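Notes follow the structure.
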Amino acid sequence: MNDTDSNKAPKKGHAIALFSGGLDSALAILMMLRQNIEVTALTFMTHFGCDLGDRSSCGSNPYPAAEKFGFNVKLMHLGQKFVDIVKNPRFGHGKNMNPCTDCRILMLNEAKEFMEMSGADFIITGEVMGQRPMSQVKDKLNLVVKQTGLKGKLLRPLSAQLLPPTEPELSGMVDRDKLEGISGRGRKRQMELAAEYGLEDYPSPASGCLLTDAGYSLRLRDLLAHTDIITFDDLNLLRAGRHFRLDANTKLVVGRDEADNNAILACKKPHHHHLEALGVGSPVTLLVGDASHTNLTLAARITARYSSGKKNPVVEVTIVNGDSNQALTVTPMTDTDLECFRLK
Ligand code: SF4
């Protein structure tokens with residue numbers, strides 16, 4: 001049977017896929033389509049980089065493959081549920097602030113709910129045994145099945161032959177012999193399958209979401225340590241610039257380049273103070289928190305330090321907050337003093 005015939009034939013079942021847009025999850029879906037299983041792919045987004053504009057392994061655009069191969073995609077934002085597991089993951093963080101095991105459990109629970117709601121038969125993922133240190137070793141795969149109550153309903157087509165048969169395999173809905181037994185970090189077999197299925201333009205493997213980044217995690221830890229109620233604006237501001245903590249209630253974000261400056265301005269809220277050096281090339285700086293005279297002076301000195309007037313004896317810095325506008329003339333901060341405030 002060719003692909004066109006299999007598209008016309010009645011579907012043997014319906015799978016819900018976790019789909020990042022990456023190679024492995026795309027292959028898992030194609031393996032199901034080849035077996036005449038209907039697939040609805042869920043692409044999850046979070047405030048930590050798994051969105052379509054990001055480069056992470058969790059953040060590729062799912063639509064080109066969906067259009068090319070004929071499956072549905074649903075975008076789902078995990079919002080506050082995901083923030084809660086980042087703050088307090090039951091199974092701990094990885095090397096940085098990435099709660100990969102809890103993340104998989106959350107995504108699978110959402111997929112399970114969707115499967116039950118839509119009357120689908122089972123769930124598939126592109127997980128490969130032993131591919132990632134935290135979320136994909138065999139114990140972790142079993143733990144996730146246990147925690148989600150998905151025993152028998154969670155099929156990992158790429159490693160299926162190394163795992164116990166699932167319900168769709170036992171019932172004959174899915175032919176186990178046509179599934180794979182891939183393990184480890186190599187991607188040779190996946191590349192062969194991609195060529196066989198005509199899957200092109202898949203992203204190269206990336207390290208994961210922003211939570212796997214040491215610098216981002218440091219800024220996030222600082223935010224969690226100093227803020228009781230975290231807003232999505234707070235989280236968005238962590239993505240750009242150099243970050244400085246002036247006191248327990250106050251931090252400063254200083255743009256490194258034009259893209260940073262624009263990103264910081266996009267996060268600006270009425271309660272933020274916006275600083276820029278006058279008459280010289282200047283970063284955009286936002287002060288978030290207590291705008292005391294001491295903090296505004298520190299903020300102005302740090303802004304001056306990152307301006308092109310950093311070697312000048314003094315630099316004038318404007319500070320705008322809503323309708324109020326003031327200027328301070330300050331000495332640029334020395335690198336030694338800067339180290340007391342820099343998040344590192
Ligand atoms: S890197 Fe880990 S925490 Fe981040 S989205 Fe992927 S699985 Fe989830």
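Please note that chains go A, B, ... in the order of the structure tokens, that every chain numbers its residues from 1, and that ligands are numbered from 1 in the order shown.
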Counting only C-alpha atoms and all ligand atoms, which residues in chain A sit no more than 6 Å from ligand 1? For each one, give the nearest pair of atoms and the distance in Å, sorted by chain then residue number, as a tab-separated table.
```
residue	atom	partner	partner_atom_place_in_ligand_line	distance
A:Cys58	CA	ligand 1	6 (Fe)	5.6
A:Asn98	CA	ligand 1	3 (S)	4.3
A:Pro99	CA	ligand 1	3 (S)	4.7
A:Cys100	CA	ligand 1	2 (Fe)	3.6
A:Cys103	CA	ligand 1	8 (Fe)	4.6
A:Arg104	CA	ligand 1	7 (S)	5.9
A:Gly208	CA	ligand 1	1 (S)	3.8
A:Cys209	CA	ligand 1	4 (Fe)	4.2
A:Leu211	CA	ligand 1	4 (Fe)	5.8
```
Emit the selected residues as an mmCIF file, in the first residue's frame, including N, CA and C atoms.
```cif
data_model
loop_
_atom_site.group_PDB
_atom_site.id
_atom_site.type_symbol
_atom_site.label_atom_id
_atom_site.label_comp_id
_atom_site.auth_asym_id
_atom_site.auth_seq_id
_atom_site.Cartn_x
_atom_site.Cartn_y
_atom_site.Cartn_z
ATOM 1 N N CYS A 58 12.697 22.043 22.137
ATOM 2 C CA CYS A 58 11.262 21.957 22.411
ATOM 3 C C CYS A 58 10.522 23.043 21.658
ATOM 4 N N ASN A 98 15.972 23.180 35.026
ATOM 5 C CA ASN A 98 15.071 22.381 34.187
ATOM 6 C C ASN A 98 14.475 21.203 34.961
ATOM 7 N N PRO A 99 13.167 21.194 35.143
ATOM 8 C CA PRO A 99 12.521 20.079 35.862
ATOM 9 C C PRO A 99 12.018 19.049 34.856
ATOM 10 N N CYS A 100 12.934 18.401 34.136
ATOM 11 C CA CYS A 100 12.521 17.610 32.955
ATOM 12 C C CYS A 100 11.528 16.499 33.280
ATOM 13 N N CYS A 103 8.240 17.966 33.993
ATOM 14 C CA CYS A 103 7.774 18.557 32.733
ATOM 15 C C CYS A 103 7.127 17.491 31.857
ATOM 16 N N ARG A 104 7.804 16.349 31.738
ATOM 17 C CA ARG A 104 7.231 15.263 30.922
ATOM 18 C C ARG A 104 5.907 14.795 31.523
ATOM 19 N N GLY A 208 17.725 22.161 24.825
ATOM 20 C CA GLY A 208 16.498 22.182 25.610
ATOM 21 C C GLY A 208 16.007 23.599 25.785
ATOM 22 N N CYS A 209 15.081 23.789 26.732
ATOM 23 C CA CYS A 209 14.495 25.113 26.905
ATOM 24 C C CYS A 209 15.440 26.027 27.686
ATOM 25 N N LEU A 211 15.465 26.856 30.583
ATOM 26 C CA LEU A 211 15.774 26.385 31.940
ATOM 27 C C LEU A 211 17.037 25.534 31.985
#
```
- Item | For A:Ile16: contacts at 7 Å, only C-alpha atoms, fewer than 6 positions along chain excluded, given as a ChimeraX atom specification | /A:39-41,111,115,120,122-124
- Task: Find, counting only C-alpha atoms, the residue in A:His271, A:Pro10, A:Arg342, A:Thr231 that gets nearest to A:Asp247.
- Result: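 With only C-alpha atoms as the atom set, the closest residue is A:Arg342.
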- Computed interatomic separation between atom CA of A:Asn262 and atom CA of A:Thr303 (Å):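 These atoms are spaced 15.8 Å apart.
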Non-local contacts of A:Gln161 (10 Å; only C-alpha atoms; under 6 positions in same chain excluded) as a PDB file with C-alpha atoms, in the first residue's frame:
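Final file, selection-v8.pdb:
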```pdb
ATOM      1  CA  ARG A 176       5.192  -3.819  16.808  1.00  0.00           C
ATOM      2  CA  ASP A 177       7.496  -5.324  14.203  1.00  0.00           C
ATOM      3  CA  LYS A 178       7.399  -2.060  12.281  1.00  0.00           C
ATOM      4  CA  LEU A 179       8.458  -0.034  15.310  1.00  0.00           C
ATOM      5  CA  GLU A 180      12.072   0.630  16.256  1.00  0.00           C
ATOM      6  CA  GLY A 181      14.458  -0.411  19.036  1.00  0.00           C
ATOM      7  CA  ILE A 182      16.682   2.671  19.147  1.00  0.00           C
TER       8      ILE A 182
END
```
- Tell me which of A:His274, A:Arg305, A:Lys68, A:Lys153 sits closest to A:Leu338, counting only C-alpha atoms.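 Answer, going by the shortest atom-to-atom distance: A:Arg305.
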- Message: Report as a PyMOL selection string all protein, DNA and RNA residues lying within 12 Å of A:Leu199, evaluated on only C-alpha atoms, omitting residues in the same chain fewer than 2 positions from it.
- Response: chain A and resi 21-31+64-66+68-69+190-197+201-203
- Task: One decimal, Å: what's the distance from atom CA of A:Pro165 over to atom CA of A:Leu141, could you say?
- Result: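 Straight-line distance from atom CA of A:Pro165 to atom CA of A:Leu141 works out to 13.9 Å.
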- Item | Polymer residues at most 10 Å from stretch 320-332 of chain A, only C-alpha atoms, same-chain spacing of 5 or more positions, as number ranges by chain | A: 269-278, 286-287, 291, 296-307, 309-315, 338
- Out of stretch 210-276 of chain A, which residues get alpha helix (DSSP H) from DSSP, as a list in words? Ala214, Gly215, Tyr216, Ser217, Leu218, Arg219, Leu220, Arg221, Asp222, Leu223, Leu224, Ala225, His226, Phe232, Asp233, Asp234, Leu235, Asn236, Leu237, Glu258, Ala259, Asp260, Asn261, Asn262, Ala263, Ile264, Leu265, Ala266 and Cys267 of chain A
